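Report on the following structure.
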Amino acid sequence: MRQPGAGGLLMSAPVTALFRPRTLNDALKMRAEQPGATVMAGGTDVMVYIESGTLKPTAILDLWGCSGLRWQQSITGGQFHGAGLTCTDVLRSGQSHPLLEAAAATVGAVQIQNRATLGGNICNASPAGDTLPVWLALKAEFEVASVRGRRRIPAASFWQGYKKIDLRPDELFLGILIPPLFGHTHFRKVGTRLAQSISKVVFAGRYNPGVDACLAFGAVGPTPMRCLKAETALVAGAAVDDVVQLVREEIAPIDDIRSTAVYRRQVAGNIVRRWLTSL
Ligand SMILES: Cc1cc2nc3c(=O)[nH]c(=O)nc-3n(C[C@H](O)[C@H](O)[C@H](O)COP(=O)(O)OP(=O)(O)OC[C@H]3O[C@@H](n4cnc5c(N)ncnc54)[C@H](O)[C@@H]3O)c2cc1C
């Protein structure tokens, strides 16, 4: 434990305790003992909340130095990505799925990519988080743990509402399992400009003709979402126009500071149309 102010980092927040586990076991023990502590990985979301005053933590569990969260490996059932991997780790490893690499490359600028972790993007649960539709498209499973044991949760049921996730107060997010999958894939982020902008619409798609499809979007509803009717129609051989129409009906965008519902609906359909007609 380090007292606040020792390194200057947390001077602006009323933090009275900072916990820095080095191992996963220590992290889980600290989480069990301090369920009210704010978990921080790269801090690119948490520090913004603290600086803006929307988050006033009294204790922080800093996972940045926890080696047990920062690994990537093929295991039974697929490829495992630890929660502590950063976007830069993903881009440098060359071992990640192209959809994930494409998403990681669009998160902020290089400085943000150096700190932004996969677990942070997932647990922050912003509907505009750029990796979120990727996990849906890849049928990923999330692993979470506490001192009581581990759980696996399908990505599709992890985000339960706006910024609401299936993670209990004594649990930490451990990582992501991506099963082996086949088919065409496509990632597209639409923001105000090409680099360094938050998504107005973000899309990850996977299509294995005649077998299965996933059309997943972010920033068009309170959680990342799949267009299940459009997917079924696509696999059944429906015309692209009909698939696009279903996509526009299924998403639930709103007007906000970044865009309008009308624009998002139009763009979401355009992304799907362009991709499917390019295959
Ligand atoms: C300038 C800027 C630009 C950005 N651009 C983008 C962008 O283009 N696209 C995008 O998607 N995001 C963007 N972000 C948001 C942010 O960088 C990402 O969401 C990032 O992936 C968060 O990861 P982190 O490790 O920094 O999370 P943190 O800030 O450390 O944590 C985020 C949340 O996740 C929780 N958390 C983190 N790790 C765990 C864990 N292992 N177990 C349980 N809970 C955990 C924290 O408690 C917190 O609620 C941007 C942020 C900034 C400041």
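Following the order of the structure tokens, first chain is A, next is B, and so on, with residues numbered from 1 inside each chain and ligands from 1 in the order they appear.
The neighbours of region 143-152 of chain A here are the residues that come within 6 Å of it, using only C-alpha atoms and leaving out any residue fewer than 2 positions away in the same chain; they are Leu28, Asp170, Glu171, Leu172, Phe173, Leu174 and Gly175 of chain A.
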Test item: residues lying within 6 Å of ligand 1 with only C-alpha atoms and all ligand atoms, as a VMD selection string
chain A and resid 38 to 46 83 106 to 108 112 115 to 121 123 to 124 129 to 130 172 to 174 196 to 198
With a distance cut-off of 12 Å and only C-alpha atoms, select the neighbouring residues of Gln160 (chain A), excluding the residue or stretch itself and same-chain residues fewer than 4 positions from it, and output the selection as a list of chain:residue names.
A:Cys123, A:Ala125, A:Ser126, A:Pro127, A:Ile153, A:Pro154, A:Ala155, A:Ala156, A:Lys164, A:Ile165, A:Asp166, A:Leu167, A:Gly221, A:Pro222, A:Thr223, A:Pro224, A:Met225
How would the residues just chosen look if you wrote them out with all heavy atoms as an mmCIF file, in the first residue's frame?
data_model
loop_
_atom_site.group_PDB
_atom_site.id
_atom_site.type_symbol
_atom_site.label_atom_id
_atom_site.label_comp_id
_atom_site.auth_asym_id
_atom_site.auth_seq_id
_atom_site.Cartn_x
_atom_site.Cartn_y
_atom_site.Cartn_z
ATOM 1 N N CYS A 123 -14.778 -3.339 -19.259
ATOM 2 C CA CYS A 123 -15.445 -3.043 -17.980
ATOM 3 C C CYS A 123 -15.927 -1.600 -17.895
ATOM 4 O O CYS A 123 -16.861 -1.304 -17.162
ATOM 5 C CB CYS A 123 -14.513 -3.351 -16.811
ATOM 6 S SG CYS A 123 -14.168 -5.105 -16.651
ATOM 7 N N ALA A 125 -17.422 -0.259 -20.213
ATOM 8 C CA ALA A 125 -18.765 -0.504 -20.756
ATOM 9 C C ALA A 125 -19.386 0.698 -21.451
ATOM 10 O O ALA A 125 -20.612 0.825 -21.483
ATOM 11 C CB ALA A 125 -19.700 -1.032 -19.660
ATOM 12 N N SER A 126 -18.545 1.569 -21.997
ATOM 13 C CA SER A 126 -19.124 2.629 -22.834
ATOM 14 C C SER A 126 -19.726 1.971 -24.067
ATOM 15 O O SER A 126 -19.082 1.128 -24.693
ATOM 16 C CB SER A 126 -18.026 3.606 -23.268
ATOM 17 O OG SER A 126 -18.466 4.343 -24.395
ATOM 18 N N PRO A 127 -20.943 2.350 -24.452
ATOM 19 C CA PRO A 127 -21.521 1.749 -25.664
ATOM 20 C C PRO A 127 -20.657 2.026 -26.896
ATOM 21 O O PRO A 127 -20.761 1.323 -27.896
ATOM 22 C CB PRO A 127 -22.881 2.436 -25.806
ATOM 23 C CG PRO A 127 -23.115 3.195 -24.555
ATOM 24 C CD PRO A 127 -21.822 3.330 -23.814
ATOM 25 N N ILE A 153 -18.386 -16.021 -18.797
ATOM 26 C CA ILE A 153 -19.629 -15.346 -19.189
ATOM 27 C C ILE A 153 -19.561 -15.064 -20.688
ATOM 28 O O ILE A 153 -18.580 -14.469 -21.153
ATOM 29 C CB ILE A 153 -19.759 -13.992 -18.450
ATOM 30 C CG1 ILE A 153 -19.588 -14.175 -16.942
ATOM 31 C CG2 ILE A 153 -21.082 -13.307 -18.772
ATOM 32 C CD1 ILE A 153 -19.158 -12.911 -16.232
ATOM 33 N N PRO A 154 -20.573 -15.460 -21.468
ATOM 34 C CA PRO A 154 -20.555 -15.081 -22.886
ATOM 35 C C PRO A 154 -20.565 -13.559 -23.011
ATOM 36 O O PRO A 154 -21.288 -12.879 -22.263
ATOM 37 C CB PRO A 154 -21.862 -15.672 -23.442
ATOM 38 C CG PRO A 154 -22.331 -16.651 -22.414
ATOM 39 C CD PRO A 154 -21.775 -16.215 -21.093
ATOM 40 N N ALA A 155 -19.770 -13.044 -23.937
ATOM 41 C CA ALA A 155 -19.727 -11.582 -24.115
ATOM 42 C C ALA A 155 -21.131 -11.026 -24.290
ATOM 43 O O ALA A 155 -21.453 -9.947 -23.789
ATOM 44 C CB ALA A 155 -18.857 -11.235 -25.322
ATOM 45 N N ALA A 156 -21.980 -11.791 -24.988
ATOM 46 C CA ALA A 156 -23.327 -11.301 -25.308
ATOM 47 C C ALA A 156 -24.164 -11.015 -24.068
ATOM 48 O O ALA A 156 -25.120 -10.244 -24.136
ATOM 49 C CB ALA A 156 -24.045 -12.310 -26.201
ATOM 50 N N LYS A 164 -23.666 -1.065 -17.249
ATOM 51 C CA LYS A 164 -23.968 -2.071 -16.225
ATOM 52 C C LYS A 164 -23.387 -3.406 -16.691
ATOM 53 O O LYS A 164 -23.727 -3.875 -17.786
ATOM 54 C CB LYS A 164 -25.491 -2.174 -16.077
ATOM 55 C CG LYS A 164 -25.950 -2.921 -14.868
ATOM 56 C CD LYS A 164 -27.433 -2.626 -14.605
ATOM 57 C CE LYS A 164 -27.954 -3.424 -13.434
ATOM 58 N NZ LYS A 164 -28.192 -4.818 -13.720
ATOM 59 N N ILE A 165 -22.492 -3.987 -15.882
ATOM 60 C CA ILE A 165 -21.838 -5.222 -16.308
ATOM 61 C C ILE A 165 -22.042 -6.334 -15.288
ATOM 62 O O ILE A 165 -22.326 -6.072 -14.118
ATOM 63 C CB ILE A 165 -20.317 -5.006 -16.539
ATOM 64 C CG1 ILE A 165 -19.629 -4.452 -15.281
ATOM 65 C CG2 ILE A 165 -20.083 -4.109 -17.740
ATOM 66 C CD1 ILE A 165 -18.116 -4.338 -15.404
ATOM 67 N N ASP A 166 -21.880 -7.559 -15.761
ATOM 68 C CA ASP A 166 -22.049 -8.728 -14.898
ATOM 69 C C ASP A 166 -20.734 -9.004 -14.156
ATOM 70 O O ASP A 166 -20.011 -9.946 -14.467
ATOM 71 C CB ASP A 166 -22.456 -9.940 -15.761
ATOM 72 C CG ASP A 166 -22.692 -11.181 -14.912
ATOM 73 O OD1 ASP A 166 -22.643 -11.078 -13.665
ATOM 74 O OD2 ASP A 166 -22.909 -12.259 -15.494
ATOM 75 N N LEU A 167 -20.428 -8.146 -13.200
ATOM 76 C CA LEU A 167 -19.208 -8.303 -12.405
ATOM 77 C C LEU A 167 -19.559 -7.971 -10.959
ATOM 78 O O LEU A 167 -20.040 -6.873 -10.674
ATOM 79 C CB LEU A 167 -18.116 -7.352 -12.914
ATOM 80 C CG LEU A 167 -16.716 -7.601 -12.381
ATOM 81 C CD1 LEU A 167 -16.107 -8.877 -12.971
ATOM 82 C CD2 LEU A 167 -15.801 -6.412 -12.699
ATOM 83 N N GLY A 221 -26.938 2.069 -29.259
ATOM 84 C CA GLY A 221 -27.856 1.603 -28.226
ATOM 85 C C GLY A 221 -27.143 1.690 -26.891
ATOM 86 O O GLY A 221 -25.961 2.048 -26.842
ATOM 87 N N PRO A 222 -27.810 1.355 -25.795
ATOM 88 C CA PRO A 222 -27.190 1.480 -24.471
ATOM 89 C C PRO A 222 -26.055 0.484 -24.228
ATOM 90 O O PRO A 222 -25.211 0.691 -23.364
ATOM 91 C CB PRO A 222 -28.354 1.217 -23.506
ATOM 92 C CG PRO A 222 -29.405 0.523 -24.312
ATOM 93 C CD PRO A 222 -29.218 0.933 -25.733
ATOM 94 N N THR A 223 -26.051 -0.601 -24.984
ATOM 95 C CA THR A 223 -24.977 -1.598 -24.891
ATOM 96 C C THR A 223 -24.563 -1.956 -26.320
ATOM 97 O O THR A 223 -25.326 -1.706 -27.260
ATOM 98 C CB THR A 223 -25.475 -2.900 -24.213
ATOM 99 O OG1 THR A 223 -26.513 -3.461 -25.038
ATOM 100 C CG2 THR A 223 -26.017 -2.662 -22.817
ATOM 101 N N PRO A 224 -23.381 -2.557 -26.478
ATOM 102 C CA PRO A 224 -23.084 -3.091 -27.814
ATOM 103 C C PRO A 224 -24.124 -4.153 -28.143
ATOM 104 O O PRO A 224 -24.626 -4.829 -27.245
ATOM 105 C CB PRO A 224 -21.690 -3.696 -27.651
ATOM 106 C CG PRO A 224 -21.516 -3.915 -26.195
ATOM 107 C CD PRO A 224 -22.329 -2.875 -25.506
ATOM 108 N N MET A 225 -24.457 -4.295 -29.420
ATOM 109 C CA MET A 225 -25.566 -5.206 -29.744
ATOM 110 C C MET A 225 -25.377 -5.917 -31.076
ATOM 111 O O MET A 225 -24.683 -5.440 -31.963
ATOM 112 C CB MET A 225 -26.875 -4.426 -29.784
ATOM 113 C CG MET A 225 -26.906 -3.335 -30.844
ATOM 114 S SD MET A 225 -28.537 -2.589 -30.994
ATOM 115 C CE MET A 225 -29.484 -3.934 -31.680
#
All strand (DSSP E or B) residues (DSSP, backbone) inside region 34-255 of chain A, as a ChimeraX atom specification:
/A:38-40,59-62,72-75,78-82,86,117,141-146,149-154,159-161,164-165,172-178,184-190,201-208,212-218,225-226
Region 263-277 of chain A environment, 7 Å, only C-alpha atoms, sequence neighbours closer than 6 positions dropped, as a PDB file with all heavy atoms, in the first residue's frame:
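Once everything was written out, this is part-v2.pdb:
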ATOM      1  N   LYS A 200     -19.035   7.342 -33.572  1.00  0.00           N
ATOM      2  CA  LYS A 200     -20.469   7.646 -33.752  1.00  0.00           C
ATOM      3  C   LYS A 200     -21.190   6.329 -34.012  1.00  0.00           C
ATOM      4  O   LYS A 200     -22.316   6.110 -33.579  1.00  0.00           O
ATOM      5  CB  LYS A 200     -20.678   8.566 -34.958  1.00  0.00           C
ATOM      6  CG  LYS A 200     -20.109   9.967 -34.809  1.00  0.00           C
ATOM      7  CD  LYS A 200     -20.176  10.670 -36.168  1.00  0.00           C
ATOM      8  CE  LYS A 200     -19.412  11.962 -36.179  1.00  0.00           C
ATOM      9  NZ  LYS A 200     -20.245  13.133 -35.939  1.00  0.00           N
ATOM     10  N   VAL A 201     -20.514   5.471 -34.763  1.00  0.00           N
ATOM     11  CA  VAL A 201     -20.978   4.103 -35.018  1.00  0.00           C
ATOM     12  C   VAL A 201     -19.725   3.241 -35.124  1.00  0.00           C
ATOM     13  O   VAL A 201     -18.741   3.661 -35.736  1.00  0.00           O
ATOM     14  CB  VAL A 201     -21.749   3.994 -36.360  1.00  0.00           C
ATOM     15  CG1 VAL A 201     -22.139   2.548 -36.638  1.00  0.00           C
ATOM     16  CG2 VAL A 201     -22.986   4.877 -36.366  1.00  0.00           C
ATOM     17  N   VAL A 220     -24.869   2.469 -30.942  1.00  0.00           N
ATOM     18  CA  VAL A 220     -26.222   2.576 -31.521  1.00  0.00           C
ATOM     19  C   VAL A 220     -27.273   2.067 -30.534  1.00  0.00           C
ATOM     20  O   VAL A 220     -28.377   1.684 -30.932  1.00  0.00           O
ATOM     21  CB  VAL A 220     -26.346   1.811 -32.865  1.00  0.00           C
ATOM     22  CG1 VAL A 220     -25.454   2.425 -33.914  1.00  0.00           C
ATOM     23  CG2 VAL A 220     -26.049   0.326 -32.682  1.00  0.00           C
ATOM     24  N   VAL A 240     -29.163  -8.242 -50.008  1.00  0.00           N
ATOM     25  CA  VAL A 240     -28.434  -7.285 -49.169  1.00  0.00           C
ATOM     26  C   VAL A 240     -29.350  -6.146 -48.718  1.00  0.00           C
ATOM     27  O   VAL A 240     -29.316  -5.726 -47.555  1.00  0.00           O
ATOM     28  CB  VAL A 240     -27.193  -6.741 -49.928  1.00  0.00           C
ATOM     29  CG1 VAL A 240     -26.579  -5.557 -49.184  1.00  0.00           C
ATOM     30  CG2 VAL A 240     -26.159  -7.844 -50.115  1.00  0.00           C
ATOM     31  N   VAL A 244     -29.882  -4.969 -44.875  1.00  0.00           N
ATOM     32  CA  VAL A 244     -29.618  -3.582 -44.469  1.00  0.00           C
ATOM     33  C   VAL A 244     -30.859  -2.984 -43.794  1.00  0.00           C
ATOM     34  O   VAL A 244     -30.770  -2.312 -42.755  1.00  0.00           O
ATOM     35  CB  VAL A 244     -29.189  -2.743 -45.697  1.00  0.00           C
ATOM     36  CG1 VAL A 244     -29.226  -1.249 -45.398  1.00  0.00           C
ATOM     37  CG2 VAL A 244     -27.795  -3.169 -46.150  1.00  0.00           C
ATOM     38  N   VAL A 247     -31.133  -4.311 -40.321  1.00  0.00           N
ATOM     39  CA  VAL A 247     -30.136  -3.678 -39.441  1.00  0.00           C
ATOM     40  C   VAL A 247     -30.676  -2.332 -38.957  1.00  0.00           C
ATOM     41  O   VAL A 247     -30.642  -2.016 -37.758  1.00  0.00           O
ATOM     42  CB  VAL A 247     -28.791  -3.484 -40.188  1.00  0.00           C
ATOM     43  CG1 VAL A 247     -27.895  -2.493 -39.448  1.00  0.00           C
ATOM     44  CG2 VAL A 247     -28.080  -4.821 -40.358  1.00  0.00           C
ATOM     45  N   ARG A 248     -31.197  -1.543 -39.892  1.00  0.00           N
ATOM     46  CA  ARG A 248     -31.669  -0.193 -39.521  1.00  0.00           C
ATOM     47  C   ARG A 248     -32.861  -0.268 -38.569  1.00  0.00           C
ATOM     48  O   ARG A 248     -33.054   0.623 -37.735  1.00  0.00           O
ATOM     49  CB  ARG A 248     -32.025   0.597 -40.785  1.00  0.00           C
ATOM     50  CG  ARG A 248     -30.760   0.968 -41.566  1.00  0.00           C
ATOM     51  CD  ARG A 248     -31.027   1.943 -42.700  1.00  0.00           C
ATOM     52  NE  ARG A 248     -29.761   2.391 -43.272  1.00  0.00           N
ATOM     53  CZ  ARG A 248     -29.477   2.409 -44.574  1.00  0.00           C
ATOM     54  NH1 ARG A 248     -30.375   2.003 -45.458  1.00  0.00           N
ATOM     55  NH2 ARG A 248     -28.308   2.834 -44.990  1.00  0.00           N
ATOM     56  N   PRO A 253     -30.373   3.650 -31.958  1.00  0.00           N
ATOM     57  CA  PRO A 253     -29.512   4.811 -31.695  1.00  0.00           C
ATOM     58  C   PRO A 253     -30.284   5.988 -31.111  1.00  0.00           C
ATOM     59  O   PRO A 253     -31.510   6.055 -31.238  1.00  0.00           O
ATOM     60  CB  PRO A 253     -28.975   5.159 -33.088  1.00  0.00           C
ATOM     61  CG  PRO A 253     -30.012   4.675 -34.042  1.00  0.00           C
ATOM     62  CD  PRO A 253     -30.664   3.487 -33.390  1.00  0.00           C
TER      63      PRO A 253
END
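Candidate residues A:Ala105, A:Leu24, A:Leu246, A:Leu18 were compared for distance to Leu194 (chain A), and the nearest is A:Ala105, using only C-alpha atoms.
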Compile a residue-level contact table for region 3-74 of chain A against region 95-101 of chain A at a cut-off of 12 Å, reporting for every qualifying residue the shortest atom pair and its distance in Å to one decimal, with only C-alpha atoms counted, rows ordered by chain and ascending number, as CSV.
residue,atom,partner,partner_atom,distance
A:Trp71,CA,A:Gln95,CA,11.5
A:Gln72,CA,A:Gln95,CA,8.4
A:Gln73,CA,A:Gln95,CA,8.8
A:Ser74,CA,A:Gln95,CA,9.6
Neighbouring residues of Ala204 (chain A) were defined as those with any atom within 10 Å, considering only C-alpha atoms; residues of the same chain fewer than 5 positions away were excluded. Please report them as a list in words.
Leu99, Leu100, Ala102, Ala103, Asp130, Thr131, Leu132, Pro133, Val134, Trp135, Leu136, Ala137, Leu138, Thr185, His186, Phe187, Arg188, Lys189, Cys214, Leu215, Ala216, Phe217, Gly218, Arg226, Ile271 and Val272 of chain A
In Å, with one decimal, what is the gap from CA of Phe182 (chain A) to CA of Gly77 (chain A)?
14.3 Å
One decimal, Å: what's the distance from CA of Ala104 (chain A) over to CA of Cys66 (chain A), could you say?
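Taking CA of Ala104 (chain A) as the start and CA of Cys66 (chain A) as the end point, the length is 21.1 Å.
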So which bits of region 138-216 of chain A end up alpha helix (DSSP H) when you DSSP the backbone, as an MDAnalysis selection string?
chainID A and resid 155:158
With C-alpha atoms kept, could you save the residues just selected as a PDB file, in the first residue's frame?
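Result file again02.pdb:
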ATOM      1  CA  ALA A 155     -19.727 -11.582 -24.115  1.00  0.00           C
ATOM      2  CA  ALA A 156     -23.327 -11.301 -25.308  1.00  0.00           C
ATOM      3  CA  SER A 157     -24.643 -11.334 -21.733  1.00  0.00           C
ATOM      4  CA  PHE A 158     -21.886  -9.338 -19.992  1.00  0.00           C
TER       5      PHE A 158
END
